[in-house]
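What follows is a short report on a single structure.
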Amino acid sequence: MSLIVARFRHHIKVLVGNQLGWFLSKQYWRGKGPATRLISIFSEQAKTIGVKHNILVAPVPLKQLAPNYSLEGKTETDYQRRFLSGAEATHRAGIVSAQNVCISFPTGMHQVGNHILDEVMLVPYLLTNPKYYFGLESMRFMPKRSMDEGVLLSMPWHHNFYHWMIEILPRLISYDRCPDLQHVPLIVPKSAPKFVAESLKLTGYLPKTVFLENGAYRFKKLHMLSRLAPATEVSPDAVDWLNRKIVSASSDFSVPKRVYVSRDDAKIRFVSNESELNHVLKEFGFEKLLMGQFSLADQINIFRSADFILGPHGAAFTNLAFSKPGTKFIEFFSNGHYSPSYNRFCAIRGLSYGFLVGEPTNLGGFTIRPNHLREIITQALRSSAQ
């Protein structure tokens, strides 16, 4: 019952947030409100306020993959077409440095004077999200603790496992390539989810990290790391960096070879008729797992060891970054929802990719037909037998 209540509350929160977001979106696209304070780190305006950048990561081509397995239908054809579209290359990225920079936690919003640096944000349209809008605007009224120097590692969306592991943490590529900054601490909010500290420990950066209480801070000098790739795309450099940094993750968990990653405990994008799928999953030897029950090390080992992974789209599939070449992966979408991110993982890591599209239900769930699941699993297994 508590999960149903949580889903309902989340649904109401989203509806209210969407109303506020609609107003903020109108401001943003008209170039009003905080959007007027967005500037590029490469602009002349950035130079005039003392922003310096040091480009350390060159662009590389982005990889796309035609789905190996899917059903036939108009919706499926549309999804297949979209998987083969997108940006052509990653961004040039590096260290961005400025003086007298204000930041607020837990949101991770920043201001240089009265300006927001575009390339530091994951996406600039975060300014249309009420949470980050108020995190930014309230900063001016908050007392600020004075700090000397730091490297801002946590920024908006750091609380999300995917965004942290793929779009934020690997920005340390630039930090690694800047010897002059190795004595400067990495700045992270103490309120960050536990996977943040776990990932910093596994990658070796925990001793260099300072965890700050929520509130506002003014840094005499702050270094920020610019984004590696466009939103929803995946930088091959980021995936390579993660695998070089986390060569092994100690775990005692006995890993199944065929894994169904459930979102039975999630507020959105859960399979409403999961109980109807159980007999199909058992028929093909899949074990149901909830990734939230495992440590980061266990999750990495699950994905490194599994031969066949499937389930509804969600942040847990970030761990595909560690899957071995040849692994089969089938992703479930609710009709109308689409993201190419995990297709990109498969292209980068040499995985086989498939997808199923289900029909939306109440409170953010969707259904998958058992016969569709059986058909696509059979497709995948036949392809490996050929």
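A note on labels: chains of the structure tokens are A, B, ... as shown, every chain counts residues from 1, and ligands are counted from 1 in their shown order.
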
Long-range neighbours of Met155 (chain A) as a ChimeraX atom specification, 9 Å cut-off, only C-alpha atoms, 3 positions minimum in chain: /A:105-110,120-122,152,158-159,164,168,188

Keeping only C-alpha atoms, take the residues you just selected and write them out as a PDB file, in the first residue's frame.
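This went into again_11.pdb:
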```pdb
ATOM      1  CA  PHE A 105      23.488  22.376  -2.373  1.00  0.00           C
ATOM      2  CA  PRO A 106      21.667  20.053  -2.693  1.00  0.00           C
ATOM      3  CA  THR A 107      20.786  21.296  -6.216  1.00  0.00           C
ATOM      4  CA  GLY A 108      24.363  21.984  -7.343  1.00  0.00           C
ATOM      5  CA  MET A 109      23.350  25.201  -9.130  1.00  0.00           C
ATOM      6  CA  HIS A 110      26.111  27.759  -9.704  1.00  0.00           C
ATOM      7  CA  VAL A 120      28.793  23.216 -17.068  1.00  0.00           C
ATOM      8  CA  MET A 121      25.086  22.372 -16.839  1.00  0.00           C
ATOM      9  CA  LEU A 122      24.016  18.913 -17.966  1.00  0.00           C
ATOM     10  CA  LEU A 152      32.687  21.202  -8.361  1.00  0.00           C
ATOM     11  CA  HIS A 158      23.646  14.129  -9.476  1.00  0.00           C
ATOM     12  CA  HIS A 159      20.981  12.329  -7.404  1.00  0.00           C
ATOM     13  CA  TRP A 164      25.871  10.712 -12.062  1.00  0.00           C
ATOM     14  CA  ILE A 168      28.949  13.737 -14.269  1.00  0.00           C
ATOM     15  CA  VAL A 188      30.121  16.953  -3.329  1.00  0.00           C
TER      16      VAL A 188
END
```

Nearby residues (only C-alpha atoms) at most 12 Å from region 133-145 of chain A, same-chain spacing under 3 positions excluded, as a ChimeraX atom specification: /A:17,20-21,23-25,27-28,33-35,37,100-116,124-130,148,155-156,212-220

Backbone DSSP call of strand (DSSP E) for region 103-308 of chain A, listed as a ChimeraX atom specification: /A:103-105,109-112,116-117,144-152,186-189,209-212,215-225,258-261,287-289,308

Written selection (N, CA and C atoms) as a CSV table (one decimal), in the first residue's frame:
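Output (result.csv):
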```csv
chain,number,residue,atom,x,y,z
A,103,ILE,N,27.7,28.6,-5.2
A,103,ILE,CA,27.0,27.3,-5.5
A,103,ILE,C,26.0,27.1,-4.4
A,104,SER,N,24.9,26.3,-4.7
A,104,SER,CA,24.0,25.9,-3.6
A,104,SER,C,23.8,24.4,-3.7
A,105,PHE,N,23.8,23.8,-2.5
A,105,PHE,CA,23.5,22.4,-2.4
A,105,PHE,C,22.2,22.2,-1.6
A,109,MET,N,23.4,24.1,-8.2
A,109,MET,CA,23.4,25.2,-9.1
A,109,MET,C,24.5,26.1,-8.8
A,110,HIS,N,25.0,26.9,-9.9
A,110,HIS,CA,26.1,27.8,-9.7
A,110,HIS,C,25.8,29.1,-10.3
A,111,GLN,N,26.6,30.1,-9.9
A,111,GLN,CA,26.5,31.4,-10.5
A,111,GLN,C,27.9,32.0,-10.5
A,112,VAL,N,28.3,32.6,-11.6
A,112,VAL,CA,29.6,33.4,-11.7
A,112,VAL,C,29.1,34.8,-11.8
A,116,ILE,N,25.3,32.1,-15.5
A,116,ILE,CA,25.3,30.6,-15.4
A,116,ILE,C,26.0,30.1,-16.6
A,117,LEU,N,26.9,29.2,-16.5
A,117,LEU,CA,27.8,28.7,-17.6
A,117,LEU,C,27.1,27.5,-18.2
A,144,LYS,N,26.1,32.9,2.8
A,144,LYS,CA,27.1,32.0,2.1
A,144,LYS,C,28.3,31.8,2.9
A,145,ARG,N,28.7,30.5,3.0
A,145,ARG,CA,29.9,30.1,3.7
A,145,ARG,C,31.1,30.3,2.7
A,146,SER,N,32.1,31.0,3.2
A,146,SER,CA,33.3,31.3,2.3
A,146,SER,C,34.2,30.1,2.2
A,147,MET,N,34.6,29.7,1.0
A,147,MET,CA,35.5,28.6,0.7
A,147,MET,C,36.6,29.1,-0.1
A,148,ASP,N,37.8,28.4,0.0
A,148,ASP,CA,39.0,28.9,-0.8
A,148,ASP,C,38.9,28.4,-2.2
A,149,GLU,N,39.2,27.1,-2.4
A,149,GLU,CA,39.3,26.5,-3.8
A,149,GLU,C,38.7,25.1,-3.8
A,150,GLY,N,38.1,24.8,-4.9
A,150,GLY,CA,37.5,23.4,-5.1
A,150,GLY,C,37.2,23.1,-6.5
A,151,VAL,N,36.9,21.8,-6.8
A,151,VAL,CA,36.5,21.4,-8.1
A,151,VAL,C,35.0,20.9,-7.9
A,152,LEU,N,34.1,21.6,-8.5
A,152,LEU,CA,32.7,21.2,-8.4
A,152,LEU,C,32.4,19.9,-9.1
A,186,LEU,N,37.7,17.7,-4.5
A,186,LEU,CA,36.4,17.6,-5.2
A,186,LEU,C,35.3,17.9,-4.3
A,187,ILE,N,34.3,18.7,-4.8
A,187,ILE,CA,33.2,19.1,-3.9
A,187,ILE,C,31.9,18.4,-4.2
A,188,VAL,N,31.3,17.8,-3.2
A,188,VAL,CA,30.1,17.0,-3.3
A,188,VAL,C,29.2,17.2,-2.1
A,189,PRO,N,27.9,17.3,-2.3
A,189,PRO,CA,27.0,17.5,-1.1
A,189,PRO,C,27.0,16.2,-0.2
A,209,THR,N,37.8,13.8,-1.9
A,209,THR,CA,36.5,14.4,-1.9
A,209,THR,C,36.1,15.1,-0.6
A,210,VAL,N,35.6,16.3,-0.6
A,210,VAL,CA,35.0,16.9,0.5
A,210,VAL,C,33.5,17.0,0.4
A,211,PHE,N,32.8,16.5,1.4
A,211,PHE,CA,31.3,16.5,1.4
A,211,PHE,C,30.8,17.6,2.2
A,212,LEU,N,30.1,18.5,1.6
A,212,LEU,CA,29.6,19.7,2.2
A,212,LEU,C,28.1,19.6,2.6
A,215,GLY,N,23.4,24.0,1.6
A,215,GLY,CA,23.4,25.4,1.9
A,215,GLY,C,24.1,26.1,0.7
A,216,ALA,N,24.4,27.4,0.9
A,216,ALA,CA,25.1,28.2,-0.1
A,216,ALA,C,26.5,28.5,0.2
A,217,TYR,N,27.4,28.5,-0.8
A,217,TYR,CA,28.8,28.7,-0.6
A,217,TYR,C,29.3,29.7,-1.7
A,218,ARG,N,30.3,30.4,-1.2
A,218,ARG,CA,31.0,31.3,-2.2
A,218,ARG,C,32.5,30.9,-2.2
A,219,PHE,N,32.9,30.4,-3.4
A,219,PHE,CA,34.3,29.9,-3.6
A,219,PHE,C,35.2,31.1,-4.1
A,220,LYS,N,36.3,31.3,-3.5
A,220,LYS,CA,37.3,32.3,-4.0
A,220,LYS,C,37.7,31.9,-5.4
A,221,LYS,N,37.9,30.6,-5.6
A,221,LYS,CA,38.2,30.0,-6.9
A,221,LYS,C,37.6,28.7,-7.0
A,222,LEU,N,36.8,28.5,-8.1
A,222,LEU,CA,36.1,27.2,-8.3
A,222,LEU,C,36.4,26.7,-9.7
A,223,HIS,N,36.7,25.5,-9.8
A,223,HIS,CA,36.9,24.8,-11.1
A,223,HIS,C,35.7,23.9,-11.4
A,224,MET,N,35.2,24.0,-12.6
A,224,MET,CA,34.1,23.2,-13.0
A,224,MET,C,34.4,22.4,-14.2
A,225,LEU,N,33.7,21.2,-14.4
A,225,LEU,CA,34.1,20.3,-15.5
A,225,LEU,C,32.9,20.4,-16.5
A,258,ARG,N,21.1,-15.0,-16.8
A,258,ARG,CA,20.0,-14.4,-17.4
A,258,ARG,C,19.2,-13.6,-16.4
A,259,VAL,N,19.2,-12.2,-16.6
A,259,VAL,CA,18.7,-11.3,-15.5
A,259,VAL,C,17.5,-10.5,-16.1
A,260,TYR,N,16.4,-10.5,-15.3
A,260,TYR,CA,15.3,-9.6,-15.5
A,260,TYR,C,15.4,-8.5,-14.5
A,261,VAL,N,15.7,-7.3,-14.9
A,261,VAL,CA,15.8,-6.1,-14.0
A,261,VAL,C,14.5,-5.5,-13.8
A,287,GLU,N,16.2,-14.7,-13.9
A,287,GLU,CA,16.0,-14.4,-12.5
A,287,GLU,C,15.7,-12.9,-12.3
A,288,LYS,N,14.6,-12.7,-11.6
A,288,LYS,CA,14.2,-11.3,-11.3
A,288,LYS,C,15.1,-10.7,-10.2
A,289,LEU,N,15.6,-9.5,-10.5
A,289,LEU,CA,16.4,-8.7,-9.5
A,289,LEU,C,16.0,-7.3,-9.5
A,308,PHE,N,22.5,-12.3,-20.7
A,308,PHE,CA,21.2,-11.8,-21.3
A,308,PHE,C,20.5,-11.0,-20.2
```

Write out as a short mmCIF file (atom, residue, chain, number, x, y, z; two decimals) with N, CA and C atoms, in the first residue's frame each polymer residue whose atoms come within 6 Å of region 316-333 of chain A, counting only C-alpha atoms; drop sequence neighbours fewer than 3 positions from it.
```
data_model
loop_
_atom_site.label_atom_id
_atom_site.label_comp_id
_atom_site.auth_asym_id
_atom_site.auth_seq_id
_atom_site.Cartn_x
_atom_site.Cartn_y
_atom_site.Cartn_z
N TYR A 162 21.97 7.26 -13.32
CA TYR A 162 22.46 7.36 -14.70
C TYR A 162 23.23 8.66 -14.91
N VAL A 239 32.43 5.84 -21.06
CA VAL A 239 32.31 4.39 -20.83
C VAL A 239 33.68 3.75 -20.69
N ILE A 300 27.59 -3.85 -10.63
CA ILE A 300 28.60 -3.93 -11.70
C ILE A 300 28.91 -5.38 -12.02
N PHE A 303 26.11 -7.15 -14.05
CA PHE A 303 26.10 -6.79 -15.47
C PHE A 303 27.35 -7.30 -16.19
N ARG A 304 28.46 -7.39 -15.50
CA ARG A 304 29.67 -7.92 -16.14
C ARG A 304 29.56 -9.42 -16.40
N ASP A 307 24.77 -12.87 -19.37
CA ASP A 307 24.78 -13.08 -20.82
C ASP A 307 23.56 -12.48 -21.49
N PHE A 308 22.47 -12.31 -20.73
CA PHE A 308 21.21 -11.84 -21.29
C PHE A 308 20.51 -11.01 -20.22
N ILE A 309 20.19 -9.75 -20.55
CA ILE A 309 19.58 -8.82 -19.60
C ILE A 309 18.36 -8.19 -20.25
N LEU A 310 17.28 -8.07 -19.50
CA LEU A 310 16.11 -7.37 -20.04
C LEU A 310 15.31 -6.74 -18.92
N GLY A 311 14.43 -5.79 -19.31
CA GLY A 311 13.58 -5.12 -18.33
C GLY A 311 13.17 -3.74 -18.79
N PRO A 312 12.33 -3.05 -17.99
CA PRO A 312 11.85 -1.72 -18.35
C PRO A 312 12.95 -0.66 -18.24
N HIS A 313 12.90 0.31 -19.14
CA HIS A 313 13.88 1.39 -19.17
C HIS A 313 14.00 2.03 -17.79
N ARG A 349 29.80 -0.88 -26.45
CA ARG A 349 30.35 -2.07 -25.80
C ARG A 349 30.25 -3.35 -26.64
N GLY A 350 29.60 -3.25 -27.80
CA GLY A 350 29.46 -4.44 -28.65
C GLY A 350 28.41 -5.40 -28.13
N LEU A 351 27.30 -4.86 -27.61
CA LEU A 351 26.20 -5.69 -27.13
C LEU A 351 25.14 -5.81 -28.21
N SER A 352 24.29 -6.82 -28.10
CA SER A 352 23.15 -6.98 -29.01
C SER A 352 21.93 -6.32 -28.38
N TYR A 353 21.24 -5.47 -29.15
CA TYR A 353 20.17 -4.63 -28.60
C TYR A 353 18.81 -4.98 -29.18
N GLY A 354 17.79 -5.02 -28.33
CA GLY A 354 16.41 -5.20 -28.76
C GLY A 354 15.48 -4.38 -27.89
N PHE A 355 14.25 -4.19 -28.34
CA PHE A 355 13.31 -3.42 -27.55
C PHE A 355 11.88 -3.92 -27.75
N LEU A 356 11.05 -3.67 -26.74
CA LEU A 356 9.61 -3.92 -26.78
C LEU A 356 8.89 -2.65 -26.37
N VAL A 357 7.74 -2.38 -26.97
CA VAL A 357 6.94 -1.21 -26.62
C VAL A 357 5.61 -1.68 -26.04
#
```

Members of region 48-118 of chain A assigned helix (DSSP H, G or I) by DSSP, as a VMD selection string: chain A and resid 48 74 to 83 118

Residue nearest Gly365 (chain A) among A:Ser40, A:Gln379, A:Asn273, A:Asn301 (counting only C-alpha atoms): A:Asn273

Selection near Glu167 (chain A), 9 Å with only C-alpha atoms, sequence-local residues under 4 positions removed, as a VMD selection string: chain A and resid 122 158 162 to 163 171 227 to 229 231 234 to 235 238
